[in-house]
Amino acid sequence: MEPRNFLRFLFIFLSVSLVLFFTWVHLPYAPQPNPTTDLLDCSTNSPWCTSKNRFQPINKPSTADNILEKPPNPKHHNHESDTPHHPLDPLTISEINKVRTILKSHTLFKSSSPCAFHSIVLEEPDKTLVLKWKKGDSMLPRKAAVVARVAGKSHVLTVDISSGEVAVQETGSRSGYPTMTIEDMTSSTWAPLSNADFNRTIIERGVDLQDLACLPISLGWFGENEENRRLIKVQCYSMKGTANFYMRPIEGLTVLLDMDSKEVVEISDKGRDIPIPKAANTDYRYSVQEINPEMMFVNPISIEQPKGPSFTVEDEHLVKWANWEFHLKPDPRAGVIISRAKVRDPDSGEMRNVMYKGYTSELFVPYMDPTDAWYFKTYMDAGEYGFGLQAMPLDPLNDCPRNAYYMDGVFAAGDGTPYVRSHMVCVFESYAGDIGWRHSESPITGMEIREVRPKVTLVVRMAASVANYDYIVDWEFQTDGLIRIKVGLSGILMVKGTSYVNTNQVPGQQNLYGTLLSENVIGVIHDHYITFYLDMDIDGSDNSFVKVNIQKQRTSPGESPRRSYLKAIRNVAKTEKDAQIQLKLYDPSEFHVVNPMKRTRVGNPVGYKLVPGGTAASLLDHDDPPQKRGAFTNNQIWVTPYNQSEQWAGGLFVYQSQGEDTLAVWSERDRPIENKDIVLWYTLGFHHVPCQEDFPIMPTVSSSFDLKPVNFFESNPILRIPPNVEKDLPVCKPAASA
């Protein structure tokens, strides 16, 4: 190789390495990280609670019960010897390897045609078999569900791990492609570097190739010219002077790429007059911040548990805490899956079924800028990128508190090789000073009563970093039977470059499609919709959906001094269309899932109700191509009959799909749902109009919804829980009072 060519090769190789590193490596950040030395060290080897920076020894405890056990740091678990203990346990490393070996000898994979495994996960056994299975029974047959592409065609296969039998499933004529592999995404970011026109354009924009960072951007679907070819768009940034390259876009430069051949199909460069924003004040890492000495930080906080955590994790995936029990597993597409959730009845002591399965089914994130470099940014983060594939290792003490339990994900790479995503999920108990219930009697009664109970909850958490955006998903279990599902949004805005440095330069009629956040930086308006799959099994699989309308009633003349009051009117949904709900503030309702065959002692059907929190609805036209694909957001609530093939709200193959295999399409069949095995779907929404406080990284904004018992128990299920007393709690005194 000639010296000149060798140097060029070396230069591109280094550039590619940097692109891959900065595009996909998680850069942890905390406003004020909690190093271990700042937190209480309460160990069995120490006769006191200490904080090496702020606390001094206190009196030696008098009993062993008051000595706190130092929780171990999260350790990497060796998954090589994992074996399944439950029918819903995820595939182990050895099982994935066996599936890979079986498929290598299958006719479909024997040719020299290129192939890739887009998903290798457990094919869950039939629901009726899982419901009958008990610990100690023989393990149900283990099968793998495989999505692969061979010679440009998508295939769905079922592999019997014991027998080695392979069944090829019929996928029909549905449009779209499987979830991208990590290899698809990373290779797409460097592919444009092999194109001389692209390299020349980057240099002409004033960016050195060694400072280049690029992102793979799904392009949705906008017509026939995008069919029969797996395409992706690539946009790039300058990372010179900052780790936060997202704030330095090379605006208007978009590469259209064939994802299979890595051929550059088209280069669009329509932003040459737009400067690249400066790097100053964009870095968010704590190590580079200039701390204002007058800024007050809170002292470190750590929740201590003298007797250790109250939960256990049996056989790696079965979580037991207080009156709850459920199966938990990471998933490459959904993130986390909660299954077989049961709560103990305080009167009978029996474990009662609440939910068979719950998870994040899809995320729809449309940006509100119709211009050339932005109109296609209408992401489906689960179906296109893999919500679980984008989950990053959680940061102990900052993502999760000290006593957290960590769970790894075991996934398959594009060639079928298993790998471990460590510390992907954490489980911990949470206490924020909240109150479970209380009552203080008024002095006028002459009774001195003050009864209060603290609220402690169990949280299952994961965080996915889908390129710039971070999603925190919590499943929070309460002792009163309530399940709260919360989604937090953080991370970094996807921004647009502009020539403006102040709003006074913007002509009055010009639409910026967002907010000027900093000099030359616009935060584009966008929405987030997170759709949850909730297979509720209230005391059994056959349930009904009841819409309880809260309506105003007027009194008759002379009937009462009141002129109006509210009445609850129950309407049982007969078919799917009866249960398609758009939330309305001035037409309020409650939404119950009940078991009509089981009633309380006074005759009410046992149930749970869905309690929406703050949410948003899509305002896009239903015939807008992105909304056709995201039609599952047309309603906030849907109810469908259980169907094992209907799990993903955006369809099985979401990438470049046209919207013909979505929740909205299935529900149009208007199937019977009364007293059937039904699935409840709920979409949590956010409208995001960016503001300067979102720059250069966003403080977390959250919303949630609840699954709350409604006549499920005979009375308050936490009536008998004890209050806190001083002797049960650790006491750590600061130096001034020691």
# chains A, B, ... in the order shown; residues from 1 in each chain; ligands from 1
>>> residues_around(residues="region 106-112 of chain A", least_positions_apart="4", cutoff="12 Å", atoms="only C-alpha atoms", output="MDAnalysis selection string")
chainID A and resid 99:102 116:117 148:151 153:157 159 164:168 415
>>> residues_around(residues="Val602 (chain A)", least_positions_apart="4", cutoff="12 Å", atoms="only C-alpha atoms", output="list in words")
Lys598, Val606, Asn711, Phe712, Phe713, Glu714 and Ser715 of chain A
>>> closest_residue(among="A:Arg272, A:Lys357, A:Val410, A:Cys426", to="Leu397 (chain A)", atoms="only C-alpha atoms")
A:Cys426
>>> select_by_dssp(residues="region 171-373 of chain A", states="strand (DSSP E or B)", output="ChimeraX atom specification")
/A:177,212-217,231-238,249,253-258,264-269,311-314,318-321,324-331,335-344,351-367
>>> closest_residue(among="A:Trp666, A:Trp321, A:Tyr379, A:Tyr286", to="Thr640 (chain A)", atoms="only C-alpha atoms")
A:Trp666
>>> residues_around(residues="Glu384 (chain A)", least_positions_apart="2", cutoff="8 Å", atoms="only C-alpha atoms", output="VMD selection string")
chain A and resid 178 to 180 218 379 to 382 386 654 to 655
>>> atom_distance(atom1="CA of Phe311 (chain A)", atom2="CA of Val725 (chain A)")
20.7 Å
>>> decode(residues="region 316-333 of chain A", atoms="N, CA, C and O atoms", output="mmCIF file, in the first residue's frame")
data_model
loop_
_atom_site.group_PDB
_atom_site.id
_atom_site.type_symbol
_atom_site.label_atom_id
_atom_site.label_comp_id
_atom_site.auth_asym_id
_atom_site.auth_seq_id
_atom_site.Cartn_x
_atom_site.Cartn_y
_atom_site.Cartn_z
ATOM 1 N N GLU A 316 -33.319 -16.076 40.391
ATOM 2 C CA GLU A 316 -32.891 -14.997 39.484
ATOM 3 C C GLU A 316 -34.015 -14.101 38.963
ATOM 4 O O GLU A 316 -33.762 -12.984 38.533
ATOM 5 N N HIS A 317 -35.287 -14.563 38.995
ATOM 6 C CA HIS A 317 -36.332 -13.773 38.331
ATOM 7 C C HIS A 317 -37.638 -13.642 39.110
ATOM 8 O O HIS A 317 -38.494 -12.850 38.707
ATOM 9 N N LEU A 318 -37.826 -14.401 40.189
ATOM 10 C CA LEU A 318 -39.075 -14.335 40.938
ATOM 11 C C LEU A 318 -38.898 -13.382 42.120
ATOM 12 O O LEU A 318 -38.158 -13.660 43.053
ATOM 13 N N VAL A 319 -39.593 -12.238 42.059
ATOM 14 C CA VAL A 319 -39.466 -11.199 43.083
ATOM 15 C C VAL A 319 -40.591 -11.362 44.100
ATOM 16 O O VAL A 319 -41.768 -11.464 43.724
ATOM 17 N N LYS A 320 -40.227 -11.374 45.386
ATOM 18 C CA LYS A 320 -41.209 -11.440 46.463
ATOM 19 C C LYS A 320 -40.943 -10.296 47.428
ATOM 20 O O LYS A 320 -39.817 -10.109 47.891
ATOM 21 N N TRP A 321 -42.006 -9.546 47.715
ATOM 22 C CA TRP A 321 -41.871 -8.381 48.608
ATOM 23 C C TRP A 321 -43.206 -8.110 49.279
ATOM 24 O O TRP A 321 -44.249 -8.026 48.592
ATOM 25 N N ALA A 322 -43.179 -7.964 50.604
ATOM 26 C CA ALA A 322 -44.391 -7.650 51.366
ATOM 27 C C ALA A 322 -45.515 -8.595 50.927
ATOM 28 O O ALA A 322 -45.395 -9.808 51.081
ATOM 29 N N ASN A 323 -46.589 -8.031 50.355
ATOM 30 C CA ASN A 323 -47.703 -8.873 49.920
ATOM 31 C C ASN A 323 -47.711 -9.130 48.414
ATOM 32 O O ASN A 323 -48.710 -9.598 47.864
ATOM 33 N N TRP A 324 -46.587 -8.827 47.731
ATOM 34 C CA TRP A 324 -46.513 -8.984 46.278
ATOM 35 C C TRP A 324 -45.573 -10.114 45.867
ATOM 36 O O TRP A 324 -44.593 -10.404 46.548
ATOM 37 N N GLU A 325 -45.871 -10.663 44.698
ATOM 38 C CA GLU A 325 -45.002 -11.645 44.061
ATOM 39 C C GLU A 325 -45.161 -11.491 42.550
ATOM 40 O O GLU A 325 -46.280 -11.367 42.048
ATOM 41 N N PHE A 326 -44.045 -11.455 41.816
ATOM 42 C CA PHE A 326 -44.132 -11.353 40.351
ATOM 43 C C PHE A 326 -42.846 -11.851 39.713
ATOM 44 O O PHE A 326 -41.793 -11.928 40.351
ATOM 45 N N HIS A 327 -42.955 -12.194 38.437
ATOM 46 C CA HIS A 327 -41.809 -12.634 37.650
ATOM 47 C C HIS A 327 -41.283 -11.429 36.865
ATOM 48 O O HIS A 327 -42.051 -10.650 36.304
ATOM 49 N N LEU A 328 -39.966 -11.295 36.840
ATOM 50 C CA LEU A 328 -39.335 -10.133 36.210
ATOM 51 C C LEU A 328 -38.240 -10.595 35.265
ATOM 52 O O LEU A 328 -37.409 -11.431 35.639
ATOM 53 N N LYS A 329 -38.235 -10.039 34.053
ATOM 54 C CA LYS A 329 -37.141 -10.368 33.130
ATOM 55 C C LYS A 329 -36.868 -9.204 32.178
ATOM 56 O O LYS A 329 -37.785 -8.478 31.780
ATOM 57 N N PRO A 330 -35.608 -9.012 31.828
ATOM 58 C CA PRO A 330 -35.257 -8.043 30.776
ATOM 59 C C PRO A 330 -35.657 -8.582 29.409
ATOM 60 O O PRO A 330 -35.721 -9.800 29.194
ATOM 61 N N ASP A 331 -35.914 -7.673 28.488
ATOM 62 C CA ASP A 331 -36.308 -8.054 27.130
ATOM 63 C C ASP A 331 -35.682 -7.080 26.151
ATOM 64 O O ASP A 331 -35.685 -5.870 26.386
ATOM 65 N N PRO A 332 -35.134 -7.559 25.023
ATOM 66 C CA PRO A 332 -34.437 -6.650 24.104
ATOM 67 C C PRO A 332 -35.345 -5.636 23.421
ATOM 68 O O PRO A 332 -34.893 -4.566 23.035
ATOM 69 N N ARG A 333 -36.619 -5.936 23.285
ATOM 70 C CA ARG A 333 -37.537 -5.012 22.623
ATOM 71 C C ARG A 333 -38.347 -4.200 23.629
ATOM 72 O O ARG A 333 -38.458 -2.977 23.506
#
